[in-house]
Amino acid sequence: MEQPGKNAAYLLKRLEALQQSNPKSALLDVGAGSGTISITLAKAIPEGRVIASDVKQDIPTRAQAIAESEGVKNIEFQQAGAYKLPFADGTFHVTHCHQVLCHLKASSDTLREMLRVTKPGGLVAVREGDLESDCT
């Protein structure tokens, strides 16, 4: 089983720098699933705010319970599809997804949405595996 900190490691140094320059930063995690990576990201910006979204209706309640059990309070889980994110343009300093695009038929539409909700000069962070290589 992979560890959430390991999956977010590529982004944590950037979040530390963001935390210092803008402690109240906002981050969106698209396709958050169980929320374990989202929680790791929220811990990296303790004064900031993290919104973790997933298309499945039952995920946010379960993920919120995990966050509460870990004492993480700067995170909110909500249902949202990746093709039409329910946020205004330029809402987030960082927009992130992990292993989401490989499951979508129109991944470019999701990337376009992630760019739309990210502030100018912000960061869109995407971590995807090479499933063809990883699964052979």
# chains A, B, ... in the order shown; residues from 1 in each chain; ligands from 1
call {"tool": "residues_around", "arguments": {"residues": "segment 19-31 of chain A", "least_positions_apart": "5", "cutoff": "7 Å", "atoms": "only C-alpha atoms", "output": "VMD selection string"}}
result
chain A and resid 38 45 47 to 55 82 92 to 97 100
call {"tool": "select_by_dssp", "arguments": {"residues": "chain A", "states": "strand (DSSP E or B)", "output": "PyMOL selection string"}}
result
chain A and resi 26-30+49-54+75-79+92-98+118-127
call {"tool": "select_by_dssp", "arguments": {"residues": "segment 2-111 of chain A", "states": "helix (DSSP H, G or I)", "output": "ChimeraX atom specification"}}
result
/A:4-21,36-44,59-69,101-103,107-111
call {"tool": "atom_distance", "arguments": {"atom1": "atom CA of Pro86 of chain A", "atom2": "atom CA of Arg116 of chain A"}}
result
11.0 Å
call {"tool": "residues_around", "arguments": {"residues": "Thr36 of chain A", "least_positions_apart": "3", "cutoff": "12 Å", "atoms": "only C-alpha atoms", "output": "PyMOL selection string"}}
result
chain A and resi 2-8+29+31-33+39-43+52+59-60+62-70+72+75+77+98
call {"tool": "atom_distance", "arguments": {"atom1": "atom CA of Gln99 of chain A", "atom2": "atom CA of Gly71 of chain A"}}
result
25.6 Å
call {"tool": "closest_residue", "arguments": {"among": "A:Arg14, A:Lys56, A:Lys84, A:Arg127", "to": "Asp109 of chain A", "atoms": "only C-alpha atoms"}}
result
A:Lys84
call {"tool": "atom_distance", "arguments": {"atom1": "atom CA of Gly35 of chain A", "atom2": "atom CA of Glu76 of chain A"}}
result
10.0 Å
